[in-house]
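Q: Quick one: the structure is below, and I'll ask about it shortly.
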Amino acid sequence: MSAQTTKRRGTIPDNDMTRGPEAPEMPNPDNAALFLDFDGTLVEIAERPDAVRLEPGMEDVLIGLHAHTNGRIAIVSGRNLVELERIMPNYPGVIVGSHGAESRIDGAYTTAPEGETTAFIASRDMLRAWVEHYEGVLLEEKPVSLVLHYRQAPDRQSDCEGILSALSQVMPGFVVRPSKMAVELMPENVSKERAVLGLLEEWRDLIPVAIGDDRTDEDMFGAADANGGYAIKVGEGDTAAKYRLSGVGEVHALLRNWLETSERSS
Ligand SMILES: O=P(O)(O)OC[C@H]1O[C@H](O[C@H]2O[C@H](CO)[C@@H](O)[C@H](O)[C@H]2O)[C@H](O)[C@@H](O)[C@@H]1O
């Protein structure tokens, strides 16, 4: 591991509870299981979900880490699986999409069934018409959840929350969860924590490393912590993670350095 990655650049003052030590010393990849969030972690946040770009070369880094961790690497994202596969067509590892409602593990695909209910389909159709009246608000349709994005119409936040909250009242088992400049109607029993714990049941006796930037990633952090691993928060904001990186650039540097060190020592 290079000095750049492993060096702890000091803790921040005790009175600043929003920050913490920077990256931990990464474990030997043979002993590690890596859980990576996508938006805000591997790619910069963009104005629209379809505008994100994965930096050239990063997919190869993920492919390299897949080899060095013996396949114990998972992209764990709120994004839908098809989108993640479109962005990373050659990455062969595990993908958990839609916050855990979808997965691709060793080539086997699963999707939670809640998106096939009459109530879900009726809500989706209703929201398609609803967004037409709110300029700048985007409806993102996922197989098992529905997201209203208001990044381009911030004053519409309460309208978006209100309509999804009303729909959740008539959709048993669905809840409304906030995200970055977005709000999502999704199954209550889906979480990144469940997804990570499920994978750790298969990937035993490894040190989990979870990296993410959003509120939903706090669930992954709990699972990593509870299993003797490392949680790394990306960017500003309250977190239960013990470590922090400033942004996507630092995540890329950490992953690149980890891969280079692994290649040198193998
Ligand atoms: O779990 P993640 O991989 O972090 O996915 C969380 C959500 O990311 C996407 O929305 C966010 O990123 C967009 C592109 O940068 C941005 O425009 C939006 O404001 C953010 O909320 C994605 O569209 C969602 O489906 C994911 O749940």
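Note on naming: chains are A, B, ... as they come in the structure tokens, residues start from 1 per chain, ligands start from 1 in the order shown.
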Report the closest atom pair, with its distance in Å rounded to one decimal, for each residue of chain A that has an atom no farther than 10 Å from ligand 1; count only C-alpha atoms and all ligand atoms, sort by chain and then rising residue number, and write it as CSV.
A:
```
residue,atom,partner,partner_atom_place_in_ligand_line,distance
A:Leu36,CA,ligand 1,3 (O),8.3
A:Asp37,CA,ligand 1,3 (O),4.9
A:Phe38,CA,ligand 1,3 (O),3.6
A:Asp39,CA,ligand 1,4 (O),3.8
A:Gly40,CA,ligand 1,4 (O),5.7
A:Thr41,CA,ligand 1,4 (O),6.9
A:Leu42,CA,ligand 1,3 (O),8.3
A:Val43,CA,ligand 1,15 (O),7.4
A:Glu44,CA,ligand 1,15 (O),6.1
A:Ile45,CA,ligand 1,15 (O),3.2
A:Ala46,CA,ligand 1,15 (O),3.7
A:Glu47,CA,ligand 1,17 (O),4.5
A:Arg48,CA,ligand 1,17 (O),3.9
A:Pro49,CA,ligand 1,14 (C),3.8
A:Asp50,CA,ligand 1,14 (C),6.9
A:Ala51,CA,ligand 1,14 (C),6.6
A:Val52,CA,ligand 1,15 (O),5.7
A:Arg53,CA,ligand 1,15 (O),9.1
A:Ile75,CA,ligand 1,3 (O),8.1
A:Val76,CA,ligand 1,1 (O),6.6
A:Ser77,CA,ligand 1,3 (O),3.6
A:Gly78,CA,ligand 1,27 (O),3.5
A:Arg79,CA,ligand 1,25 (O),4.0
A:Asn80,CA,ligand 1,25 (O),6.6
A:Glu83,CA,ligand 1,25 (O),9.4
A:Leu84,CA,ligand 1,3 (O),9.0
A:Val96,CA,ligand 1,1 (O),9.6
A:Gly97,CA,ligand 1,1 (O),8.1
A:Ser98,CA,ligand 1,27 (O),6.5
A:His99,CA,ligand 1,1 (O),6.4
A:Gly100,CA,ligand 1,1 (O),9.6
A:Leu138,CA,ligand 1,17 (O),9.5
A:Leu139,CA,ligand 1,23 (O),9.5
A:Glu140,CA,ligand 1,25 (O),6.8
A:Glu141,CA,ligand 1,25 (O),8.4
A:Lys142,CA,ligand 1,25 (O),7.5
A:Ser145,CA,ligand 1,25 (O),8.8
A:Leu146,CA,ligand 1,25 (O),8.4
A:Val147,CA,ligand 1,25 (O),6.6
A:Leu148,CA,ligand 1,21 (O),8.9
A:His149,CA,ligand 1,19 (O),6.0
A:Tyr150,CA,ligand 1,19 (O),7.2
A:Arg151,CA,ligand 1,19 (O),5.4
A:Gln152,CA,ligand 1,19 (O),8.6
A:Arg177,CA,ligand 1,27 (O),9.8
A:Pro178,CA,ligand 1,21 (O),8.6
A:Ser179,CA,ligand 1,21 (O),5.3
A:Lys180,CA,ligand 1,21 (O),4.0
A:Met181,CA,ligand 1,19 (O),4.6
A:Ala182,CA,ligand 1,21 (O),4.9
A:Val183,CA,ligand 1,21 (O),7.8
A:Glu184,CA,ligand 1,27 (O),7.6
A:Lys192,CA,ligand 1,1 (O),8.5
A:Gly212,CA,ligand 1,4 (O),7.1
A:Asp213,CA,ligand 1,4 (O),6.7
A:Asp214,CA,ligand 1,4 (O),6.0
A:Arg215,CA,ligand 1,1 (O),8.8
A:Thr216,CA,ligand 1,1 (O),6.8
A:Asp217,CA,ligand 1,1 (O),7.0
```
Q: Generate the output file for the selected residues, C-alpha atoms, as a PDB file, in the first residue's frame.
A:
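So result-v9.pdb came out as:
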```
ATOM      1  CA  LEU A  36     -18.941   0.138  -2.863  1.00  0.00           C
ATOM      2  CA  ASP A  37     -21.769   2.585  -3.229  1.00  0.00           C
ATOM      3  CA  PHE A  38     -22.065   4.136  -6.715  1.00  0.00           C
ATOM      4  CA  ASP A  39     -23.516   7.676  -6.978  1.00  0.00           C
ATOM      5  CA  GLY A  40     -21.449  10.159  -4.994  1.00  0.00           C
ATOM      6  CA  THR A  41     -18.817   7.481  -4.336  1.00  0.00           C
ATOM      7  CA  LEU A  42     -17.629   6.061  -7.667  1.00  0.00           C
ATOM      8  CA  VAL A  43     -19.146   8.847  -9.791  1.00  0.00           C
ATOM      9  CA  GLU A  44     -19.697  12.523  -9.092  1.00  0.00           C
ATOM     10  CA  ILE A  45     -23.256  13.654  -8.482  1.00  0.00           C
ATOM     11  CA  ALA A  46     -24.758  15.112 -11.672  1.00  0.00           C
ATOM     12  CA  GLU A  47     -27.794  17.234 -12.502  1.00  0.00           C
ATOM     13  CA  ARG A  48     -29.695  14.199 -13.775  1.00  0.00           C
ATOM     14  CA  PRO A  49     -29.372  10.463 -13.042  1.00  0.00           C
ATOM     15  CA  ASP A  50     -28.597   9.758 -16.699  1.00  0.00           C
ATOM     16  CA  ALA A  51     -25.792  12.339 -16.794  1.00  0.00           C
ATOM     17  CA  VAL A  52     -23.262  10.536 -14.576  1.00  0.00           C
ATOM     18  CA  ARG A  53     -19.968   9.382 -16.103  1.00  0.00           C
ATOM     19  CA  ILE A  75     -21.336  -2.539  -6.036  1.00  0.00           C
ATOM     20  CA  VAL A  76     -24.212  -1.767  -3.655  1.00  0.00           C
ATOM     21  CA  SER A  77     -26.327   0.991  -5.138  1.00  0.00           C
ATOM     22  CA  GLY A  78     -29.739   2.579  -5.086  1.00  0.00           C
ATOM     23  CA  ARG A  79     -29.600   2.669  -8.888  1.00  0.00           C
ATOM     24  CA  ASN A  80     -31.296  -0.061 -10.839  1.00  0.00           C
ATOM     25  CA  GLU A  83     -28.295   0.983 -15.428  1.00  0.00           C
ATOM     26  CA  LEU A  84     -25.272  -0.202 -13.452  1.00  0.00           C
ATOM     27  CA  VAL A  96     -26.732  -5.094  -5.757  1.00  0.00           C
ATOM     28  CA  GLY A  97     -29.180  -2.610  -7.257  1.00  0.00           C
ATOM     29  CA  SER A  98     -32.243  -0.666  -6.098  1.00  0.00           C
ATOM     30  CA  HIS A  99     -30.899  -0.572  -2.511  1.00  0.00           C
ATOM     31  CA  GLY A 100     -30.990  -4.376  -2.335  1.00  0.00           C
ATOM     32  CA  LEU A 138     -38.022  13.881 -12.879  1.00  0.00           C
ATOM     33  CA  LEU A 139     -39.632  10.514 -12.288  1.00  0.00           C
ATOM     34  CA  GLU A 140     -37.097   7.680 -12.172  1.00  0.00           C
ATOM     35  CA  GLU A 141     -38.797   4.329 -12.608  1.00  0.00           C
ATOM     36  CA  LYS A 142     -37.018   1.358 -11.108  1.00  0.00           C
ATOM     37  CA  SER A 145     -39.325   1.645  -6.532  1.00  0.00           C
ATOM     38  CA  LEU A 146     -40.228   5.089  -7.828  1.00  0.00           C
ATOM     39  CA  VAL A 147     -38.048   8.168  -7.346  1.00  0.00           C
ATOM     40  CA  LEU A 148     -38.985  11.820  -7.723  1.00  0.00           C
ATOM     41  CA  HIS A 149     -35.895  13.957  -8.365  1.00  0.00           C
ATOM     42  CA  TYR A 150     -36.186  17.685  -7.614  1.00  0.00           C
ATOM     43  CA  ARG A 151     -32.532  18.736  -8.107  1.00  0.00           C
ATOM     44  CA  GLN A 152     -33.656  20.957 -11.001  1.00  0.00           C
ATOM     45  CA  ARG A 177     -37.137   7.498   1.990  1.00  0.00           C
ATOM     46  CA  PRO A 178     -35.202  10.694   1.296  1.00  0.00           C
ATOM     47  CA  SER A 179     -32.090  10.762  -0.857  1.00  0.00           C
ATOM     48  CA  LYS A 180     -29.895  13.528  -2.268  1.00  0.00           C
ATOM     49  CA  MET A 181     -32.350  16.019  -3.830  1.00  0.00           C
ATOM     50  CA  ALA A 182     -34.754  13.141  -4.357  1.00  0.00           C
ATOM     51  CA  VAL A 183     -37.391  11.137  -2.534  1.00  0.00           C
ATOM     52  CA  GLU A 184     -38.165   7.473  -3.132  1.00  0.00           C
ATOM     53  CA  LYS A 192     -28.268  -2.114   1.899  1.00  0.00           C
ATOM     54  CA  GLY A 212     -20.500   5.341   0.618  1.00  0.00           C
ATOM     55  CA  ASP A 213     -21.773   8.903   0.738  1.00  0.00           C
ATOM     56  CA  ASP A 214     -25.498   8.782   1.383  1.00  0.00           C
ATOM     57  CA  ARG A 215     -27.951   8.100   4.183  1.00  0.00           C
ATOM     58  CA  THR A 216     -28.728   4.633   2.849  1.00  0.00           C
ATOM     59  CA  ASP A 217     -25.021   3.797   3.102  1.00  0.00           C
TER      60      ASP A 217
END
```
Q: What are the DSSP strand (DSSP E) residues of stretch 6-172 of chain A, as an MDAnalysis selection string?
A: chainID A and resid 32:36 73:76 94:97 102:105 108:111 138:141 146:149
Q: Give me, please, the distance in Å between atom CA of A:Leu254 and atom CA of A:Ala23, quoted to one decimal.
A: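 For atom CA of A:Leu254 relative to atom CA of A:Ala23, the distance reads 7.9 Å.
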Q: So, counting only C-alpha atoms, which residue among A:Arg72, A:Arg104, A:Phe174, A:Asn257 is closest to A:Glu85?
A: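 Once distances to A:Glu85 are computed over only C-alpha atoms, the minimum belongs to A:Arg104.
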Q: Rank nothing, just name the residue among A:Gly64, A:Pro56, A:Pro208, A:Gly71 nearest to A:Met26, using only C-alpha atoms.
A: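 Among the listed residues, the smallest separation from A:Met26 belongs to A:Pro208.
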Q: Suppose you want the space between atom CA of A:Asp225 and atom CA of A:Ile207; what is it in Å?
A: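 We find that atom CA of A:Asp225 and atom CA of A:Ile207 lie 9.6 Å from each other.
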Q: Would you list the contacts of A:Leu167 as an MDAnalysis selection string, taking every protein, DNA or RNA residue within 12 Å and counting only C-alpha atoms, but skipping same-chain residues closer than 3 positions in sequence?
A: chainID A and resid 119:127 146 160:164 170:176 184:186
Q: For a quick check of understanding, using only C-alpha atoms, which of A:Asp106, A:Leu65, A:Thr261, A:Ala224 has the smallest distance to A:Ala195?
A: A:Ala224
Q: At a cut-off of 12 Å, using only C-alpha atoms, what residues contact A:Thr239? Leave out same-chain residues fewer than 5 positions from it and give the result as a PyMOL selection string.
A: chain A and resi 17-20+211-222+231-234+244
Q: Write out, as a PDB file, in the first residue's frame, the residues just selected, with N, CA, C and O atoms.
A:
```pdb
ATOM      1  N   MET A  17     -17.879  17.202  15.095  1.00  0.00           N
ATOM      2  CA  MET A  17     -18.402  15.828  15.072  1.00  0.00           C
ATOM      3  C   MET A  17     -18.733  15.362  13.654  1.00  0.00           C
ATOM      4  O   MET A  17     -19.132  14.237  13.453  1.00  0.00           O
ATOM      5  N   THR A  18     -18.607  16.274  12.677  1.00  0.00           N
ATOM      6  CA  THR A  18     -18.967  15.842  11.320  1.00  0.00           C
ATOM      7  C   THR A  18     -17.787  15.241  10.582  1.00  0.00           C
ATOM      8  O   THR A  18     -17.914  14.815   9.454  1.00  0.00           O
ATOM      9  N   ARG A  19     -16.603  15.241  11.208  1.00  0.00           N
ATOM     10  CA  ARG A  19     -15.455  14.693  10.502  1.00  0.00           C
ATOM     11  C   ARG A  19     -14.811  13.589  11.316  1.00  0.00           C
ATOM     12  O   ARG A  19     -15.121  13.383  12.471  1.00  0.00           O
ATOM     13  N   GLY A  20     -13.890  12.866  10.696  1.00  0.00           N
ATOM     14  CA  GLY A  20     -13.221  11.784  11.406  1.00  0.00           C
ATOM     15  C   GLY A  20     -11.901  11.516  10.746  1.00  0.00           C
ATOM     16  O   GLY A  20     -11.536  12.195   9.787  1.00  0.00           O
ATOM     17  N   ILE A 211     -17.825   1.611   1.581  1.00  0.00           N
ATOM     18  CA  ILE A 211     -17.559   3.017   1.244  1.00  0.00           C
ATOM     19  C   ILE A 211     -18.819   3.615   0.620  1.00  0.00           C
ATOM     20  O   ILE A 211     -19.359   3.062  -0.353  1.00  0.00           O
ATOM     21  N   GLY A 212     -19.287   4.730   1.161  1.00  0.00           N
ATOM     22  CA  GLY A 212     -20.500   5.341   0.618  1.00  0.00           C
ATOM     23  C   GLY A 212     -20.690   6.769   1.097  1.00  0.00           C
ATOM     24  O   GLY A 212     -20.022   7.217   2.035  1.00  0.00           O
ATOM     25  N   ASP A 213     -21.608   7.469   0.433  1.00  0.00           N
ATOM     26  CA  ASP A 213     -21.773   8.903   0.738  1.00  0.00           C
ATOM     27  C   ASP A 213     -23.143   9.278   1.272  1.00  0.00           C
ATOM     28  O   ASP A 213     -23.346  10.402   1.710  1.00  0.00           O
ATOM     29  N   ASP A 214     -24.103   8.374   1.199  1.00  0.00           N
ATOM     30  CA  ASP A 214     -25.498   8.782   1.383  1.00  0.00           C
ATOM     31  C   ASP A 214     -26.071   8.172   2.666  1.00  0.00           C
ATOM     32  O   ASP A 214     -25.460   7.316   3.284  1.00  0.00           O
ATOM     33  N   ARG A 215     -27.288   8.597   2.980  1.00  0.00           N
ATOM     34  CA  ARG A 215     -27.951   8.100   4.183  1.00  0.00           C
ATOM     35  C   ARG A 215     -28.162   6.579   4.135  1.00  0.00           C
ATOM     36  O   ARG A 215     -28.010   5.900   5.141  1.00  0.00           O
ATOM     37  N   THR A 216     -28.489   6.076   2.960  1.00  0.00           N
ATOM     38  CA  THR A 216     -28.728   4.633   2.849  1.00  0.00           C
ATOM     39  C   THR A 216     -27.440   3.839   3.078  1.00  0.00           C
ATOM     40  O   THR A 216     -27.489   2.650   3.402  1.00  0.00           O
ATOM     41  N   ASP A 217     -26.294   4.498   2.889  1.00  0.00           N
ATOM     42  CA  ASP A 217     -25.021   3.797   3.102  1.00  0.00           C
ATOM     43  C   ASP A 217     -24.711   3.610   4.579  1.00  0.00           C
ATOM     44  O   ASP A 217     -23.878   2.775   4.946  1.00  0.00           O
ATOM     45  N   GLU A 218     -25.380   4.380   5.430  1.00  0.00           N
ATOM     46  CA  GLU A 218     -25.178   4.205   6.873  1.00  0.00           C
ATOM     47  C   GLU A 218     -25.559   2.772   7.277  1.00  0.00           C
ATOM     48  O   GLU A 218     -24.987   2.208   8.210  1.00  0.00           O
ATOM     49  N   ASP A 219     -26.541   2.188   6.566  1.00  0.00           N
ATOM     50  CA  ASP A 219     -26.938   0.799   6.846  1.00  0.00           C
ATOM     51  C   ASP A 219     -25.777  -0.152   6.548  1.00  0.00           C
ATOM     52  O   ASP A 219     -25.515  -1.094   7.296  1.00  0.00           O
ATOM     53  N   MET A 220     -25.078   0.112   5.430  1.00  0.00           N
ATOM     54  CA  MET A 220     -23.908  -0.715   5.087  1.00  0.00           C
ATOM     55  C   MET A 220     -22.819  -0.538   6.132  1.00  0.00           C
ATOM     56  O   MET A 220     -22.128  -1.480   6.496  1.00  0.00           O
ATOM     57  N   PHE A 221     -22.667   0.698   6.598  1.00  0.00           N
ATOM     58  CA  PHE A 221     -21.610   0.976   7.571  1.00  0.00           C
ATOM     59  C   PHE A 221     -21.842   0.159   8.838  1.00  0.00           C
ATOM     60  O   PHE A 221     -20.897  -0.395   9.414  1.00  0.00           O
ATOM     61  N   GLY A 222     -23.094   0.081   9.267  1.00  0.00           N
ATOM     62  CA  GLY A 222     -23.415  -0.694  10.468  1.00  0.00           C
ATOM     63  C   GLY A 222     -23.042  -2.154  10.274  1.00  0.00           C
ATOM     64  O   GLY A 222     -22.457  -2.789  11.170  1.00  0.00           O
ATOM     65  N   ALA A 231     -15.820   1.257   7.935  1.00  0.00           N
ATOM     66  CA  ALA A 231     -16.823   2.062   7.243  1.00  0.00           C
ATOM     67  C   ALA A 231     -16.185   3.391   6.876  1.00  0.00           C
ATOM     68  O   ALA A 231     -15.561   4.040   7.727  1.00  0.00           O
ATOM     69  N   ILE A 232     -16.323   3.774   5.613  1.00  0.00           N
ATOM     70  CA  ILE A 232     -15.704   5.009   5.135  1.00  0.00           C
ATOM     71  C   ILE A 232     -16.773   5.895   4.507  1.00  0.00           C
ATOM     72  O   ILE A 232     -17.387   5.541   3.489  1.00  0.00           O
ATOM     73  N   LYS A 233     -16.997   7.032   5.120  1.00  0.00           N
ATOM     74  CA  LYS A 233     -17.976   8.004   4.603  1.00  0.00           C
ATOM     75  C   LYS A 233     -17.299   8.895   3.564  1.00  0.00           C
ATOM     76  O   LYS A 233     -16.161   9.342   3.761  1.00  0.00           O
ATOM     77  N   VAL A 234     -18.006   9.171   2.491  1.00  0.00           N
ATOM     78  CA  VAL A 234     -17.485  10.053   1.451  1.00  0.00           C
ATOM     79  C   VAL A 234     -18.187  11.405   1.552  1.00  0.00           C
ATOM     80  O   VAL A 234     -19.418  11.464   1.500  1.00  0.00           O
ATOM     81  N   ARG A 244     -13.242   8.812   6.842  1.00  0.00           N
ATOM     82  CA  ARG A 244     -13.875   9.717   5.883  1.00  0.00           C
ATOM     83  C   ARG A 244     -12.915  10.064   4.748  1.00  0.00           C
ATOM     84  O   ARG A 244     -11.723  10.263   4.972  1.00  0.00           O
TER      85      ARG A 244
END
```
Q: Tell me which protein, DNA and RNA residues are within 12 Å of A:Ser265, counting only C-alpha atoms, leaving out same-chain ones fewer than 2 positions away, and put them as a list in words.
A: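 Residues meeting the cut-off are Met1, Ser2, Asn28, Pro29, Asp30, His68, Trp258, Leu259, Glu260, Thr261, Ser262 and Glu263 of chain A.
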Q: Suppose we keep all heavy atoms; can you now write the selection as a short mmCIF file (atom, residue, chain, number, x, y, z; two decimals), in the first residue's frame?
A:
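Final output, result19.cif:
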```cif
data_model
loop_
_atom_site.label_atom_id
_atom_site.label_comp_id
_atom_site.auth_asym_id
_atom_site.auth_seq_id
_atom_site.Cartn_x
_atom_site.Cartn_y
_atom_site.Cartn_z
N MET A 1 0.84 -1.20 0.00
CA MET A 1 0.00 0.00 0.00
C MET A 1 0.87 1.25 0.00
O MET A 1 1.84 1.32 0.74
CB MET A 1 -0.85 -0.05 1.26
CG MET A 1 -1.68 1.14 1.49
SD MET A 1 -3.44 0.84 1.17
CE MET A 1 -3.48 0.07 -0.40
N SER A 2 0.57 2.20 -0.84
CA SER A 2 1.42 3.37 -0.91
C SER A 2 1.17 4.28 0.27
O SER A 2 0.11 4.24 0.91
CB SER A 2 1.12 4.15 -2.20
OG SER A 2 -0.07 4.85 -2.02
N ASN A 28 -5.16 -6.66 3.47
CA ASN A 28 -4.74 -7.45 2.32
C ASN A 28 -6.00 -7.86 1.55
O ASN A 28 -6.94 -8.39 2.16
CB ASN A 28 -4.00 -8.69 2.85
CG ASN A 28 -3.45 -9.54 1.73
OD1 ASN A 28 -4.10 -9.71 0.70
ND2 ASN A 28 -2.26 -10.05 1.93
N PRO A 29 -6.06 -7.64 0.23
CA PRO A 29 -7.30 -7.95 -0.50
C PRO A 29 -7.74 -9.40 -0.40
O PRO A 29 -8.93 -9.70 -0.51
CB PRO A 29 -6.98 -7.57 -1.95
CG PRO A 29 -5.58 -7.16 -2.00
CD PRO A 29 -5.02 -7.03 -0.63
N ASP A 30 -6.78 -10.30 -0.15
CA ASP A 30 -7.15 -11.71 0.06
C ASP A 30 -8.09 -11.88 1.24
O ASP A 30 -8.86 -12.85 1.31
CB ASP A 30 -5.89 -12.54 0.37
CG ASP A 30 -5.20 -12.96 -0.91
OD1 ASP A 30 -5.86 -12.88 -1.96
OD2 ASP A 30 -4.03 -13.33 -0.84
N HIS A 68 -8.26 -9.50 -7.41
CA HIS A 68 -7.40 -9.57 -6.22
C HIS A 68 -8.17 -9.91 -4.94
O HIS A 68 -7.58 -10.38 -3.98
CB HIS A 68 -6.61 -8.27 -6.06
CG HIS A 68 -5.44 -8.21 -6.98
ND1 HIS A 68 -4.21 -8.74 -6.66
CD2 HIS A 68 -5.33 -7.74 -8.24
CE1 HIS A 68 -3.38 -8.58 -7.68
NE2 HIS A 68 -4.04 -7.97 -8.65
N TRP A 258 -4.76 0.83 -3.79
CA TRP A 258 -4.95 -0.51 -3.21
C TRP A 258 -4.66 -1.58 -4.26
O TRP A 258 -3.98 -2.58 -4.00
CB TRP A 258 -6.38 -0.63 -2.68
CG TRP A 258 -6.62 -1.76 -1.74
CD1 TRP A 258 -5.70 -2.35 -0.91
CD2 TRP A 258 -7.85 -2.45 -1.53
NE1 TRP A 258 -6.29 -3.35 -0.20
CE2 TRP A 258 -7.61 -3.44 -0.55
CE3 TRP A 258 -9.13 -2.33 -2.06
CZ2 TRP A 258 -8.60 -4.30 -0.10
CZ3 TRP A 258 -10.12 -3.18 -1.60
CH2 TRP A 258 -9.86 -4.16 -0.64
N LEU A 259 -5.17 -1.32 -5.49
CA LEU A 259 -4.93 -2.27 -6.57
C LEU A 259 -3.44 -2.35 -6.92
O LEU A 259 -2.88 -3.44 -7.06
CB LEU A 259 -5.74 -1.88 -7.81
CG LEU A 259 -5.52 -2.77 -9.04
CD1 LEU A 259 -5.92 -4.21 -8.75
CD2 LEU A 259 -6.32 -2.24 -10.24
N GLU A 260 -2.79 -1.18 -7.03
CA GLU A 260 -1.37 -1.17 -7.40
C GLU A 260 -0.53 -1.92 -6.37
O GLU A 260 0.35 -2.71 -6.71
CB GLU A 260 -0.87 0.27 -7.52
CG GLU A 260 -1.29 0.92 -8.84
CD GLU A 260 -1.10 2.43 -8.84
OE1 GLU A 260 -0.31 2.94 -8.00
OE2 GLU A 260 -1.76 3.07 -9.66
N THR A 261 -0.85 -1.69 -5.10
CA THR A 261 -0.11 -2.37 -4.04
C THR A 261 -0.34 -3.88 -4.12
O THR A 261 0.59 -4.68 -3.96
CB THR A 261 -0.58 -1.87 -2.66
OG1 THR A 261 -0.48 -0.46 -2.66
CG2 THR A 261 0.28 -2.43 -1.53
N SER A 262 -1.58 -4.27 -4.41
CA SER A 262 -1.90 -5.70 -4.51
C SER A 262 -1.14 -6.33 -5.66
O SER A 262 -0.63 -7.44 -5.56
CB SER A 262 -3.40 -5.89 -4.73
OG SER A 262 -4.13 -5.19 -3.77
N GLU A 263 -1.07 -5.58 -6.78
CA GLU A 263 -0.37 -6.12 -7.96
C GLU A 263 1.12 -6.27 -7.69
O GLU A 263 1.73 -7.25 -8.09
CB GLU A 263 -0.61 -5.21 -9.17
CG GLU A 263 -2.03 -5.35 -9.71
CD GLU A 263 -2.37 -4.33 -10.79
OE1 GLU A 263 -1.68 -3.31 -10.90
OE2 GLU A 263 -3.37 -4.55 -11.49
#
```
